[in-house]
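Coordinates from data20.txt are shown below (compact mmCIF, N, CA and C atoms).
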# COMPACT_ATOMS: atom_id res chain seq x y z
N MET A 23 -8.35 -29.43 14.97
CA MET A 23 -9.58 -28.69 15.00
C MET A 23 -10.72 -29.67 15.26
N PRO A 24 -11.30 -29.61 16.46
CA PRO A 24 -12.39 -30.54 16.80
C PRO A 24 -13.64 -30.30 15.97
N LEU A 25 -14.47 -31.32 15.91
CA LEU A 25 -15.75 -31.25 15.22
C LEU A 25 -16.85 -31.02 16.24
N ILE A 26 -17.72 -30.08 15.97
CA ILE A 26 -18.90 -29.86 16.82
C ILE A 26 -20.01 -30.76 16.31
N GLU A 27 -20.57 -31.55 17.20
CA GLU A 27 -21.64 -32.47 16.85
C GLU A 27 -22.98 -31.78 17.01
N THR A 28 -24.01 -32.37 16.47
CA THR A 28 -25.35 -31.80 16.45
C THR A 28 -25.86 -31.43 17.84
N ASP A 29 -25.54 -32.25 18.85
CA ASP A 29 -26.08 -31.96 20.19
C ASP A 29 -25.59 -30.61 20.72
N THR A 30 -24.41 -30.18 20.30
CA THR A 30 -23.90 -28.88 20.71
C THR A 30 -24.72 -27.77 20.06
N LEU A 31 -25.05 -27.94 18.80
CA LEU A 31 -25.86 -26.94 18.10
C LEU A 31 -27.28 -26.89 18.66
N VAL A 32 -27.84 -28.05 18.95
CA VAL A 32 -29.18 -28.11 19.55
C VAL A 32 -29.18 -27.40 20.91
N ALA A 33 -28.17 -27.68 21.71
CA ALA A 33 -28.07 -27.05 23.03
C ALA A 33 -27.95 -25.53 22.90
N PHE A 34 -27.21 -25.07 21.92
CA PHE A 34 -27.05 -23.64 21.70
C PHE A 34 -28.38 -23.00 21.28
N LEU A 35 -29.08 -23.64 20.38
CA LEU A 35 -30.31 -23.08 19.83
C LEU A 35 -31.49 -23.17 20.80
N ASN A 36 -31.47 -24.14 21.71
CA ASN A 36 -32.58 -24.38 22.62
C ASN A 36 -32.24 -23.87 24.03
N LYS A 37 -32.82 -22.75 24.38
CA LYS A 37 -32.53 -22.14 25.69
C LYS A 37 -32.95 -23.01 26.87
N LYS A 38 -33.83 -23.98 26.62
CA LYS A 38 -34.29 -24.88 27.69
C LYS A 38 -33.40 -26.11 27.84
N ASP A 39 -32.47 -26.30 26.92
CA ASP A 39 -31.57 -27.45 26.97
C ASP A 39 -30.66 -27.35 28.19
N SER A 40 -30.45 -28.46 28.87
CA SER A 40 -29.63 -28.44 30.10
C SER A 40 -28.17 -28.06 29.83
N TYR A 41 -27.73 -28.15 28.58
CA TYR A 41 -26.35 -27.77 28.23
C TYR A 41 -26.29 -26.45 27.47
N HIS A 42 -27.37 -25.68 27.50
CA HIS A 42 -27.43 -24.42 26.75
C HIS A 42 -26.29 -23.47 27.13
N GLU A 43 -26.07 -23.27 28.41
CA GLU A 43 -25.01 -22.34 28.84
C GLU A 43 -23.64 -22.82 28.40
N ASN A 44 -23.42 -24.13 28.44
CA ASN A 44 -22.14 -24.68 27.98
C ASN A 44 -21.96 -24.44 26.48
N ALA A 45 -23.00 -24.71 25.71
CA ALA A 45 -22.94 -24.51 24.27
C ALA A 45 -22.77 -23.04 23.94
N LYS A 46 -23.43 -22.18 24.69
CA LYS A 46 -23.31 -20.74 24.48
C LYS A 46 -21.86 -20.29 24.70
N GLU A 47 -21.20 -20.85 25.70
CA GLU A 47 -19.79 -20.53 25.97
C GLU A 47 -18.91 -20.98 24.80
N ILE A 48 -19.17 -22.15 24.26
CA ILE A 48 -18.41 -22.65 23.12
C ILE A 48 -18.60 -21.72 21.91
N ILE A 49 -19.83 -21.35 21.63
CA ILE A 49 -20.12 -20.47 20.49
C ILE A 49 -19.49 -19.10 20.70
N LYS A 50 -19.51 -18.61 21.91
CA LYS A 50 -18.88 -17.32 22.22
C LYS A 50 -17.38 -17.37 21.92
N ARG A 51 -16.74 -18.46 22.31
CA ARG A 51 -15.30 -18.61 22.05
C ARG A 51 -15.00 -18.73 20.56
N ILE A 52 -15.88 -19.40 19.83
CA ILE A 52 -15.72 -19.50 18.38
C ILE A 52 -15.83 -18.12 17.76
N SER A 53 -16.86 -17.38 18.15
CA SER A 53 -17.10 -16.04 17.61
C SER A 53 -15.92 -15.10 17.87
N LYS A 54 -15.31 -15.23 19.03
CA LYS A 54 -14.16 -14.38 19.38
C LYS A 54 -12.86 -14.86 18.73
N GLY A 55 -12.90 -16.01 18.08
CA GLY A 55 -11.69 -16.56 17.47
C GLY A 55 -10.79 -17.27 18.46
N GLU A 56 -11.30 -17.58 19.64
CA GLU A 56 -10.52 -18.26 20.68
C GLU A 56 -10.57 -19.78 20.54
N LEU A 57 -11.51 -20.27 19.78
CA LEU A 57 -11.69 -21.71 19.62
C LEU A 57 -11.86 -22.02 18.14
N ASP A 58 -10.94 -22.81 17.61
CA ASP A 58 -10.95 -23.16 16.20
C ASP A 58 -11.58 -24.55 16.04
N VAL A 59 -12.80 -24.59 15.55
CA VAL A 59 -13.55 -25.84 15.38
C VAL A 59 -14.26 -25.82 14.04
N LYS A 60 -14.80 -26.96 13.68
CA LYS A 60 -15.70 -27.04 12.53
C LYS A 60 -16.98 -27.72 12.99
N ALA A 61 -18.07 -27.27 12.44
CA ALA A 61 -19.35 -27.95 12.70
C ALA A 61 -19.56 -28.96 11.58
N SER A 62 -20.20 -30.05 11.92
CA SER A 62 -20.47 -31.10 10.94
C SER A 62 -21.59 -30.66 10.00
N SER A 63 -21.30 -30.68 8.69
CA SER A 63 -22.34 -30.33 7.72
C SER A 63 -23.50 -31.33 7.78
N VAL A 64 -23.21 -32.52 8.25
CA VAL A 64 -24.25 -33.54 8.43
C VAL A 64 -25.28 -33.07 9.46
N SER A 65 -24.84 -32.23 10.38
CA SER A 65 -25.75 -31.69 11.40
C SER A 65 -26.90 -30.90 10.79
N LEU A 66 -26.66 -30.27 9.65
CA LEU A 66 -27.72 -29.50 9.00
C LEU A 66 -28.86 -30.40 8.56
N ILE A 67 -28.51 -31.58 8.06
CA ILE A 67 -29.54 -32.55 7.66
C ILE A 67 -30.21 -33.13 8.89
N GLU A 68 -29.39 -33.49 9.88
CA GLU A 68 -29.93 -34.07 11.11
C GLU A 68 -30.88 -33.09 11.81
N LEU A 69 -30.49 -31.83 11.88
CA LEU A 69 -31.34 -30.81 12.50
C LEU A 69 -32.67 -30.69 11.75
N GLN A 70 -32.59 -30.67 10.43
CA GLN A 70 -33.82 -30.53 9.66
C GLN A 70 -34.76 -31.71 9.91
N LEU A 71 -34.21 -32.90 10.03
CA LEU A 71 -35.04 -34.08 10.34
C LEU A 71 -35.63 -34.00 11.75
N ILE A 72 -34.85 -33.49 12.69
CA ILE A 72 -35.34 -33.33 14.07
C ILE A 72 -36.52 -32.35 14.08
N TYR A 73 -36.35 -31.21 13.42
CA TYR A 73 -37.41 -30.20 13.38
C TYR A 73 -38.65 -30.76 12.69
N LYS A 74 -38.44 -31.50 11.59
CA LYS A 74 -39.57 -32.07 10.86
C LYS A 74 -40.32 -33.08 11.74
N SER A 75 -39.58 -33.94 12.46
CA SER A 75 -40.22 -34.96 13.29
C SER A 75 -41.00 -34.34 14.45
N LYS A 76 -40.56 -33.18 14.91
CA LYS A 76 -41.26 -32.48 16.00
C LYS A 76 -42.31 -31.52 15.47
N GLN A 77 -42.45 -31.49 14.14
CA GLN A 77 -43.40 -30.62 13.46
C GLN A 77 -43.18 -29.15 13.79
N ILE A 78 -41.89 -28.76 13.82
CA ILE A 78 -41.54 -27.36 14.08
C ILE A 78 -40.61 -26.84 12.98
N GLU A 79 -40.84 -27.32 11.76
CA GLU A 79 -40.00 -26.89 10.64
C GLU A 79 -39.98 -25.39 10.46
N TYR A 80 -41.04 -24.73 10.86
CA TYR A 80 -41.12 -23.27 10.74
C TYR A 80 -40.02 -22.58 11.54
N GLU A 81 -39.48 -23.23 12.56
CA GLU A 81 -38.40 -22.65 13.37
C GLU A 81 -37.02 -22.87 12.74
N PHE A 82 -36.95 -23.79 11.80
CA PHE A 82 -35.66 -24.17 11.23
C PHE A 82 -35.00 -23.01 10.48
N GLU A 83 -35.77 -22.28 9.73
CA GLU A 83 -35.21 -21.16 8.96
C GLU A 83 -34.59 -20.12 9.88
N THR A 84 -35.28 -19.79 10.95
CA THR A 84 -34.76 -18.82 11.93
C THR A 84 -33.47 -19.34 12.56
N ASP A 85 -33.48 -20.61 12.96
CA ASP A 85 -32.30 -21.19 13.61
C ASP A 85 -31.13 -21.33 12.64
N LEU A 86 -31.42 -21.61 11.37
CA LEU A 86 -30.35 -21.63 10.36
C LEU A 86 -29.69 -20.25 10.27
N GLY A 87 -30.51 -19.22 10.30
CA GLY A 87 -29.99 -17.85 10.27
C GLY A 87 -29.10 -17.57 11.46
N GLU A 88 -29.51 -18.10 12.62
CA GLU A 88 -28.69 -17.91 13.83
C GLU A 88 -27.35 -18.63 13.70
N LEU A 89 -27.37 -19.84 13.17
CA LEU A 89 -26.13 -20.59 12.96
C LEU A 89 -25.24 -19.88 11.93
N GLN A 90 -25.86 -19.37 10.89
CA GLN A 90 -25.11 -18.69 9.84
C GLN A 90 -24.45 -17.41 10.34
N SER A 91 -25.01 -16.81 11.36
CA SER A 91 -24.48 -15.55 11.87
C SER A 91 -23.31 -15.73 12.86
N ILE A 92 -22.98 -16.97 13.19
CA ILE A 92 -21.88 -17.20 14.14
C ILE A 92 -20.55 -16.92 13.44
N LYS A 93 -19.87 -15.89 13.91
CA LYS A 93 -18.57 -15.53 13.33
C LYS A 93 -17.57 -16.66 13.53
N ASN A 94 -16.74 -16.88 12.54
CA ASN A 94 -15.63 -17.84 12.60
C ASN A 94 -16.05 -19.31 12.63
N LEU A 95 -17.34 -19.59 12.50
CA LEU A 95 -17.76 -21.00 12.48
C LEU A 95 -17.59 -21.54 11.07
N LYS A 96 -16.79 -22.58 10.97
CA LYS A 96 -16.55 -23.23 9.69
C LYS A 96 -17.33 -24.55 9.67
N TRP A 97 -17.60 -25.05 8.48
CA TRP A 97 -18.37 -26.28 8.33
C TRP A 97 -17.50 -27.34 7.66
N ALA A 98 -17.51 -28.54 8.24
CA ALA A 98 -16.78 -29.67 7.68
C ALA A 98 -17.71 -30.45 6.77
N SER A 99 -17.31 -30.59 5.53
CA SER A 99 -18.12 -31.33 4.55
C SER A 99 -17.86 -32.82 4.66
N ILE A 100 -18.82 -33.58 4.23
CA ILE A 100 -18.67 -35.03 4.18
C ILE A 100 -18.05 -35.37 2.81
N ASP A 101 -17.12 -36.31 2.82
CA ASP A 101 -16.50 -36.75 1.58
C ASP A 101 -16.46 -38.28 1.56
N VAL A 102 -15.94 -38.85 0.51
CA VAL A 102 -15.92 -40.30 0.36
C VAL A 102 -15.14 -40.96 1.49
N GLU A 103 -14.00 -40.40 1.83
CA GLU A 103 -13.18 -40.97 2.91
C GLU A 103 -13.95 -40.99 4.24
N SER A 104 -14.65 -39.90 4.54
CA SER A 104 -15.44 -39.82 5.77
C SER A 104 -16.59 -40.84 5.74
N CYS A 105 -17.20 -41.03 4.57
CA CYS A 105 -18.28 -42.02 4.44
C CYS A 105 -17.77 -43.43 4.66
N LEU A 106 -16.59 -43.72 4.12
CA LEU A 106 -15.99 -45.05 4.33
C LEU A 106 -15.67 -45.26 5.80
N SER A 107 -15.13 -44.23 6.44
CA SER A 107 -14.86 -44.31 7.88
C SER A 107 -16.16 -44.52 8.65
N ALA A 108 -17.20 -43.81 8.25
CA ALA A 108 -18.50 -43.92 8.92
C ALA A 108 -19.03 -45.35 8.84
N LEU A 109 -18.91 -45.97 7.67
CA LEU A 109 -19.35 -47.37 7.51
C LEU A 109 -18.62 -48.28 8.48
N TYR A 110 -17.32 -48.10 8.57
CA TYR A 110 -16.51 -48.91 9.47
C TYR A 110 -16.96 -48.72 10.92
N PHE A 111 -17.11 -47.48 11.35
CA PHE A 111 -17.48 -47.20 12.75
C PHE A 111 -18.92 -47.62 13.05
N ARG A 112 -19.81 -47.50 12.07
CA ARG A 112 -21.20 -47.93 12.28
C ARG A 112 -21.25 -49.43 12.51
N LYS A 113 -20.49 -50.18 11.72
CA LYS A 113 -20.47 -51.64 11.86
C LYS A 113 -19.73 -52.07 13.12
N THR A 114 -18.59 -51.47 13.38
CA THR A 114 -17.73 -51.88 14.50
C THR A 114 -18.32 -51.51 15.86
N TYR A 115 -18.92 -50.33 15.96
CA TYR A 115 -19.39 -49.83 17.25
C TYR A 115 -20.92 -49.73 17.34
N ASN A 116 -21.61 -50.22 16.32
CA ASN A 116 -23.07 -50.20 16.32
C ASN A 116 -23.61 -48.78 16.55
N LEU A 117 -23.01 -47.83 15.86
CA LEU A 117 -23.43 -46.43 15.99
C LEU A 117 -24.66 -46.16 15.13
N SER A 118 -25.39 -45.13 15.50
CA SER A 118 -26.51 -44.69 14.66
C SER A 118 -25.95 -44.13 13.35
N PHE A 119 -26.82 -43.97 12.39
CA PHE A 119 -26.42 -43.44 11.08
C PHE A 119 -25.70 -42.10 11.23
N PHE A 120 -26.34 -41.15 11.90
CA PHE A 120 -25.76 -39.81 12.02
C PHE A 120 -24.51 -39.81 12.90
N ASP A 121 -24.52 -40.54 14.01
CA ASP A 121 -23.33 -40.60 14.86
C ASP A 121 -22.13 -41.13 14.08
N SER A 122 -22.36 -42.15 13.26
CA SER A 122 -21.24 -42.71 12.48
C SER A 122 -20.71 -41.69 11.47
N LEU A 123 -21.58 -40.91 10.88
CA LEU A 123 -21.12 -39.89 9.94
C LEU A 123 -20.30 -38.81 10.64
N HIS A 124 -20.74 -38.42 11.83
CA HIS A 124 -19.98 -37.42 12.61
C HIS A 124 -18.60 -37.98 12.96
N VAL A 125 -18.54 -39.24 13.38
CA VAL A 125 -17.25 -39.87 13.70
C VAL A 125 -16.38 -39.94 12.45
N GLY A 126 -16.97 -40.32 11.32
CA GLY A 126 -16.21 -40.39 10.08
C GLY A 126 -15.55 -39.06 9.74
N ILE A 127 -16.29 -37.98 9.90
CA ILE A 127 -15.74 -36.65 9.63
C ILE A 127 -14.68 -36.30 10.67
N ALA A 128 -14.99 -36.51 11.95
CA ALA A 128 -14.06 -36.14 13.04
C ALA A 128 -12.74 -36.89 12.93
N ILE A 129 -12.80 -38.17 12.63
CA ILE A 129 -11.58 -38.99 12.52
C ILE A 129 -10.69 -38.44 11.41
N ASN A 130 -11.29 -37.94 10.35
CA ASN A 130 -10.51 -37.41 9.24
C ASN A 130 -10.10 -35.95 9.43
N LEU A 131 -10.60 -35.29 10.47
CA LEU A 131 -10.16 -33.93 10.80
C LEU A 131 -8.96 -34.02 11.75
N ASP A 132 -9.26 -34.16 13.03
CA ASP A 132 -8.17 -34.28 14.00
C ASP A 132 -8.48 -35.27 15.12
N LYS A 133 -9.50 -36.11 14.88
CA LYS A 133 -9.85 -37.19 15.80
C LYS A 133 -10.44 -36.69 17.13
N LYS A 134 -11.08 -35.50 17.09
CA LYS A 134 -11.72 -34.93 18.28
C LYS A 134 -13.14 -34.51 17.94
N ILE A 135 -14.05 -34.74 18.89
CA ILE A 135 -15.44 -34.35 18.69
C ILE A 135 -15.98 -33.73 19.98
N ILE A 136 -16.69 -32.61 19.84
CA ILE A 136 -17.30 -31.94 20.99
C ILE A 136 -18.75 -32.40 21.05
N SER A 137 -19.07 -33.12 22.12
CA SER A 137 -20.41 -33.71 22.24
C SER A 137 -20.63 -34.23 23.66
N GLN A 138 -21.87 -34.38 24.01
CA GLN A 138 -22.24 -35.04 25.27
C GLN A 138 -22.67 -36.49 25.02
N ASP A 139 -22.76 -36.87 23.77
CA ASP A 139 -23.28 -38.19 23.39
C ASP A 139 -22.36 -39.30 23.89
N GLN A 140 -22.91 -40.21 24.68
CA GLN A 140 -22.13 -41.33 25.23
C GLN A 140 -21.72 -42.33 24.16
N ALA A 141 -22.33 -42.26 22.99
CA ALA A 141 -21.98 -43.18 21.91
C ALA A 141 -20.51 -43.03 21.51
N TYR A 142 -19.92 -41.88 21.80
CA TYR A 142 -18.54 -41.62 21.42
C TYR A 142 -17.51 -41.98 22.50
N ASP A 143 -17.97 -42.42 23.64
CA ASP A 143 -17.07 -42.66 24.78
C ASP A 143 -15.99 -43.71 24.52
N ASN A 144 -16.30 -44.74 23.79
CA ASN A 144 -15.36 -45.86 23.65
C ASN A 144 -14.91 -46.10 22.21
N ILE A 145 -14.91 -45.06 21.41
CA ILE A 145 -14.48 -45.19 20.02
C ILE A 145 -12.95 -45.06 19.97
N ALA A 146 -12.30 -46.13 19.55
CA ALA A 146 -10.84 -46.13 19.46
C ALA A 146 -10.36 -45.04 18.49
N GLY A 147 -9.42 -44.25 18.94
CA GLY A 147 -8.84 -43.21 18.10
C GLY A 147 -9.59 -41.90 18.10
N LEU A 148 -10.69 -41.81 18.85
CA LEU A 148 -11.49 -40.59 18.90
C LEU A 148 -11.47 -40.02 20.32
N GLU A 149 -11.19 -38.74 20.42
CA GLU A 149 -11.26 -38.06 21.72
C GLU A 149 -12.56 -37.27 21.80
N LYS A 150 -13.38 -37.61 22.78
CA LYS A 150 -14.63 -36.87 22.98
C LYS A 150 -14.38 -35.76 23.99
N ILE A 151 -14.74 -34.56 23.62
CA ILE A 151 -14.62 -33.41 24.51
C ILE A 151 -16.04 -33.03 24.93
N PRO A 152 -16.38 -33.17 26.19
CA PRO A 152 -17.75 -32.83 26.61
C PRO A 152 -18.01 -31.33 26.56
N LEU A 153 -19.25 -30.96 26.36
CA LEU A 153 -19.61 -29.54 26.31
C LEU A 153 -19.22 -28.83 27.59
N THR A 154 -19.26 -29.54 28.70
CA THR A 154 -18.95 -28.95 30.00
C THR A 154 -17.48 -28.58 30.14
N TYR A 155 -16.62 -29.11 29.30
CA TYR A 155 -15.19 -28.86 29.37
C TYR A 155 -14.86 -27.38 29.27
N TYR A 156 -15.48 -26.66 28.34
CA TYR A 156 -15.15 -25.26 28.11
C TYR A 156 -15.67 -24.35 29.21
N LYS A 157 -16.77 -24.72 29.82
CA LYS A 157 -17.30 -23.96 30.96
C LYS A 157 -16.36 -24.12 32.16
N THR A 158 -15.83 -25.33 32.34
CA THR A 158 -14.90 -25.61 33.43
C THR A 158 -13.62 -24.80 33.26
N ILE A 159 -13.10 -24.71 32.04
CA ILE A 159 -11.90 -23.92 31.77
C ILE A 159 -12.16 -22.46 32.12
N LYS A 160 -13.32 -21.95 31.72
CA LYS A 160 -13.66 -20.55 32.01
C LYS A 160 -13.69 -20.31 33.51
N GLN A 161 -14.29 -21.22 34.27
CA GLN A 161 -14.37 -21.07 35.71
C GLN A 161 -12.97 -21.10 36.34
N LYS A 162 -12.11 -22.00 35.87
CA LYS A 162 -10.75 -22.09 36.40
C LYS A 162 -9.95 -20.83 36.11
N SER A 163 -10.08 -20.29 34.87
CA SER A 163 -9.32 -19.09 34.54
C SER A 163 -9.83 -17.89 35.33
N THR A 164 -11.13 -17.83 35.60
CA THR A 164 -11.69 -16.76 36.43
C THR A 164 -11.14 -16.85 37.85
N LEU A 165 -11.08 -18.07 38.39
CA LEU A 165 -10.54 -18.26 39.73
C LEU A 165 -9.07 -17.85 39.79
N LEU A 166 -8.30 -18.19 38.78
CA LEU A 166 -6.87 -17.84 38.75
C LEU A 166 -6.69 -16.33 38.65
N LYS A 167 -7.51 -15.65 37.85
CA LYS A 167 -7.44 -14.20 37.74
C LYS A 167 -7.72 -13.52 39.07
N ASN A 168 -8.64 -14.12 39.84
CA ASN A 168 -9.02 -13.55 41.14
C ASN A 168 -8.10 -14.00 42.26
N GLY A 169 -7.09 -14.81 41.94
CA GLY A 169 -6.13 -15.25 42.94
C GLY A 169 -6.63 -16.40 43.80
N THR A 170 -7.66 -17.08 43.38
CA THR A 170 -8.21 -18.22 44.13
C THR A 170 -7.88 -19.50 43.40
N LYS A 171 -7.61 -20.54 44.14
CA LYS A 171 -7.34 -21.84 43.51
C LYS A 171 -8.36 -22.85 43.92

Is it possible to give me this structure as structure tokens?
Amino acid sequence: MPLIETDTLVAFLNKKDSYHENAKEIIKRISKGELDVKASSVSLIELQLIYKSKQIEYEFETDLGELQSIKNLKWASIDVESCLSALYFRKTYNLSFFDSLHVGIAINLDKKIISQDQAYDNIAGLEKIPLTYYKTIKQKSTLLKNGTK
């Protein structure tokens, strides 16, 4: 079960984000029960800090409600093992605080993370799944249904 990173949630919530349609496709699949993932609970803190830094905290409550309404979305909690992993990855790969926490959680789930963040590209033992991956699958299955290759 891959971990959804904060950038996926930001893209979903922000209609102007260049990956909004990709994130929307991911959320649609989660809601339909076609995609089994967990969102990082650390993302809730990261999002709140992002909104605070942009002085748009008033939007956070509405967006939290939107995240809460996503059917089948589960949240991965941070635990001691994930924190220890995060420390290791932060030191070894010079990751940011939040990126290291997401990696720590993902490594202890199934070693997969859904994100566009290049910080995850060369992390040993971690598979990064780009947001664009699910849109590509949808396009391929549509082409196959229509008899086009």

Give the alpha helix (DSSP H) residues of region 77-169 of chain A, as DSSP finds them on the backbone, and put them as a tab-separated table (two decimals) with N, CA and C atoms, in the coordinates of the input.
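Contents of states_39.tsv, as written:
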chain	number	residue	atom	x	y	z
A	79	GLU	N	-40.84	-27.32	11.76
A	79	GLU	CA	-40.00	-26.89	10.64
A	79	GLU	C	-39.98	-25.39	10.46
A	80	TYR	N	-41.04	-24.73	10.86
A	80	TYR	CA	-41.12	-23.27	10.74
A	80	TYR	C	-40.02	-22.58	11.54
A	81	GLU	N	-39.48	-23.23	12.56
A	81	GLU	CA	-38.40	-22.65	13.37
A	81	GLU	C	-37.02	-22.87	12.74
A	82	PHE	N	-36.95	-23.79	11.80
A	82	PHE	CA	-35.66	-24.17	11.23
A	82	PHE	C	-35.00	-23.01	10.48
A	83	GLU	N	-35.77	-22.28	9.73
A	83	GLU	CA	-35.21	-21.16	8.96
A	83	GLU	C	-34.59	-20.12	9.88
A	84	THR	N	-35.28	-19.79	10.95
A	84	THR	CA	-34.76	-18.82	11.93
A	84	THR	C	-33.47	-19.34	12.56
A	85	ASP	N	-33.48	-20.61	12.96
A	85	ASP	CA	-32.30	-21.19	13.61
A	85	ASP	C	-31.13	-21.33	12.64
A	86	LEU	N	-31.42	-21.61	11.37
A	86	LEU	CA	-30.35	-21.63	10.36
A	86	LEU	C	-29.69	-20.25	10.27
A	87	GLY	N	-30.51	-19.22	10.30
A	87	GLY	CA	-29.99	-17.85	10.27
A	87	GLY	C	-29.10	-17.57	11.46
A	88	GLU	N	-29.51	-18.10	12.62
A	88	GLU	CA	-28.69	-17.91	13.83
A	88	GLU	C	-27.35	-18.63	13.70
A	89	LEU	N	-27.37	-19.84	13.17
A	89	LEU	CA	-26.13	-20.59	12.96
A	89	LEU	C	-25.24	-19.88	11.93
A	90	GLN	N	-25.86	-19.37	10.89
A	90	GLN	CA	-25.11	-18.69	9.84
A	90	GLN	C	-24.45	-17.41	10.34
A	102	VAL	N	-15.94	-38.85	0.51
A	102	VAL	CA	-15.92	-40.30	0.36
A	102	VAL	C	-15.14	-40.96	1.49
A	103	GLU	N	-14.00	-40.40	1.83
A	103	GLU	CA	-13.18	-40.97	2.91
A	103	GLU	C	-13.95	-40.99	4.24
A	104	SER	N	-14.65	-39.90	4.54
A	104	SER	CA	-15.44	-39.82	5.77
A	104	SER	C	-16.59	-40.84	5.74
A	105	CYS	N	-17.20	-41.03	4.57
A	105	CYS	CA	-18.28	-42.02	4.44
A	105	CYS	C	-17.77	-43.43	4.66
A	106	LEU	N	-16.59	-43.72	4.12
A	106	LEU	CA	-15.99	-45.05	4.33
A	106	LEU	C	-15.67	-45.26	5.80
A	107	SER	N	-15.13	-44.23	6.44
A	107	SER	CA	-14.86	-44.31	7.88
A	107	SER	C	-16.16	-44.52	8.65
A	108	ALA	N	-17.20	-43.81	8.25
A	108	ALA	CA	-18.50	-43.92	8.92
A	108	ALA	C	-19.03	-45.35	8.84
A	109	LEU	N	-18.91	-45.97	7.67
A	109	LEU	CA	-19.35	-47.37	7.51
A	109	LEU	C	-18.62	-48.28	8.48
A	110	TYR	N	-17.32	-48.10	8.57
A	110	TYR	CA	-16.51	-48.91	9.47
A	110	TYR	C	-16.96	-48.72	10.92
A	111	PHE	N	-17.11	-47.48	11.35
A	111	PHE	CA	-17.48	-47.20	12.75
A	111	PHE	C	-18.92	-47.62	13.05
A	112	ARG	N	-19.81	-47.50	12.07
A	112	ARG	CA	-21.20	-47.93	12.28
A	112	ARG	C	-21.25	-49.43	12.51
A	113	LYS	N	-20.49	-50.18	11.72
A	113	LYS	CA	-20.47	-51.64	11.86
A	113	LYS	C	-19.73	-52.07	13.12
A	114	THR	N	-18.59	-51.47	13.38
A	114	THR	CA	-17.73	-51.88	14.50
A	114	THR	C	-18.32	-51.51	15.86
A	115	TYR	N	-18.92	-50.33	15.96
A	115	TYR	CA	-19.39	-49.83	17.25
A	115	TYR	C	-20.92	-49.73	17.34
A	119	PHE	N	-26.82	-43.97	12.39
A	119	PHE	CA	-26.42	-43.44	11.08
A	119	PHE	C	-25.70	-42.10	11.23
A	120	PHE	N	-26.34	-41.15	11.90
A	120	PHE	CA	-25.76	-39.81	12.02
A	120	PHE	C	-24.51	-39.81	12.90
A	121	ASP	N	-24.52	-40.54	14.01
A	121	ASP	CA	-23.33	-40.60	14.86
A	121	ASP	C	-22.13	-41.13	14.08
A	122	SER	N	-22.36	-42.15	13.26
A	122	SER	CA	-21.24	-42.71	12.48
A	122	SER	C	-20.71	-41.69	11.47
A	123	LEU	N	-21.58	-40.91	10.88
A	123	LEU	CA	-21.12	-39.89	9.94
A	123	LEU	C	-20.30	-38.81	10.64
A	124	HIS	N	-20.74	-38.42	11.83
A	124	HIS	CA	-19.98	-37.42	12.61
A	124	HIS	C	-18.60	-37.98	12.96
A	125	VAL	N	-18.54	-39.24	13.38
A	125	VAL	CA	-17.25	-39.87	13.70
A	125	VAL	C	-16.38	-39.94	12.45
A	126	GLY	N	-16.97	-40.32	11.32
A	126	GLY	CA	-16.21	-40.39	10.08
A	126	GLY	C	-15.55	-39.06	9.74
A	127	ILE	N	-16.29	-37.98	9.90
A	127	ILE	CA	-15.74	-36.65	9.63
A	127	ILE	C	-14.68	-36.30	10.67
A	128	ALA	N	-14.99	-36.51	11.95
A	128	ALA	CA	-14.06	-36.14	13.04
A	128	ALA	C	-12.74	-36.89	12.93
A	129	ILE	N	-12.80	-38.17	12.63
A	129	ILE	CA	-11.58	-38.99	12.52
A	129	ILE	C	-10.69	-38.44	11.41
A	130	ASN	N	-11.29	-37.94	10.35
A	130	ASN	CA	-10.51	-37.41	9.24
A	130	ASN	C	-10.10	-35.95	9.43
A	131	LEU	N	-10.60	-35.29	10.47
A	131	LEU	CA	-10.16	-33.93	10.80
A	131	LEU	C	-8.96	-34.02	11.75
A	154	THR	N	-19.26	-29.54	28.70
A	154	THR	CA	-18.95	-28.95	30.00
A	154	THR	C	-17.48	-28.58	30.14
A	155	TYR	N	-16.62	-29.11	29.30
A	155	TYR	CA	-15.19	-28.86	29.37
A	155	TYR	C	-14.86	-27.38	29.27
A	156	TYR	N	-15.48	-26.66	28.34
A	156	TYR	CA	-15.15	-25.26	28.11
A	156	TYR	C	-15.67	-24.35	29.21
A	157	LYS	N	-16.77	-24.72	29.82
A	157	LYS	CA	-17.30	-23.96	30.96
A	157	LYS	C	-16.36	-24.12	32.16
A	158	THR	N	-15.83	-25.33	32.34
A	158	THR	CA	-14.90	-25.61	33.43
A	158	THR	C	-13.62	-24.80	33.26
A	159	ILE	N	-13.10	-24.71	32.04
A	159	ILE	CA	-11.90	-23.92	31.77
A	159	ILE	C	-12.16	-22.46	32.12
A	160	LYS	N	-13.32	-21.95	31.72
A	160	LYS	CA	-13.66	-20.55	32.01
A	160	LYS	C	-13.69	-20.31	33.51
A	161	GLN	N	-14.29	-21.22	34.27
A	161	GLN	CA	-14.37	-21.07	35.71
A	161	GLN	C	-12.97	-21.10	36.34
A	162	LYS	N	-12.11	-22.00	35.87
A	162	LYS	CA	-10.75	-22.09	36.40
A	162	LYS	C	-9.95	-20.83	36.11
A	163	SER	N	-10.08	-20.29	34.87
A	163	SER	CA	-9.32	-19.09	34.54
A	163	SER	C	-9.83	-17.89	35.33
A	164	THR	N	-11.13	-17.83	35.60
A	164	THR	CA	-11.69	-16.76	36.43
A	164	THR	C	-11.14	-16.85	37.85
A	165	LEU	N	-11.08	-18.07	38.39
A	165	LEU	CA	-10.54	-18.26	39.73
A	165	LEU	C	-9.07	-17.85	39.79
A	166	LEU	N	-8.30	-18.19	38.78
A	166	LEU	CA	-6.87	-17.84	38.75
A	166	LEU	C	-6.69	-16.33	38.65
A	167	LYS	N	-7.51	-15.65	37.85
A	167	LYS	CA	-7.44	-14.20	37.74
A	167	LYS	C	-7.72	-13.52	39.07

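Atom pair CA of Glu79 (chain A) / CA of Leu66 (chain A): separated by 12.7 Å.
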
* To do: Would you mind listing what lies within 5 Å of region 80-97 of chain A as a list in words, with all atoms listed in the file counted and same-chain residues fewer than 3 positions away left out?
  => Ile52, Ser53, Lys60 and Ala61 of chain A
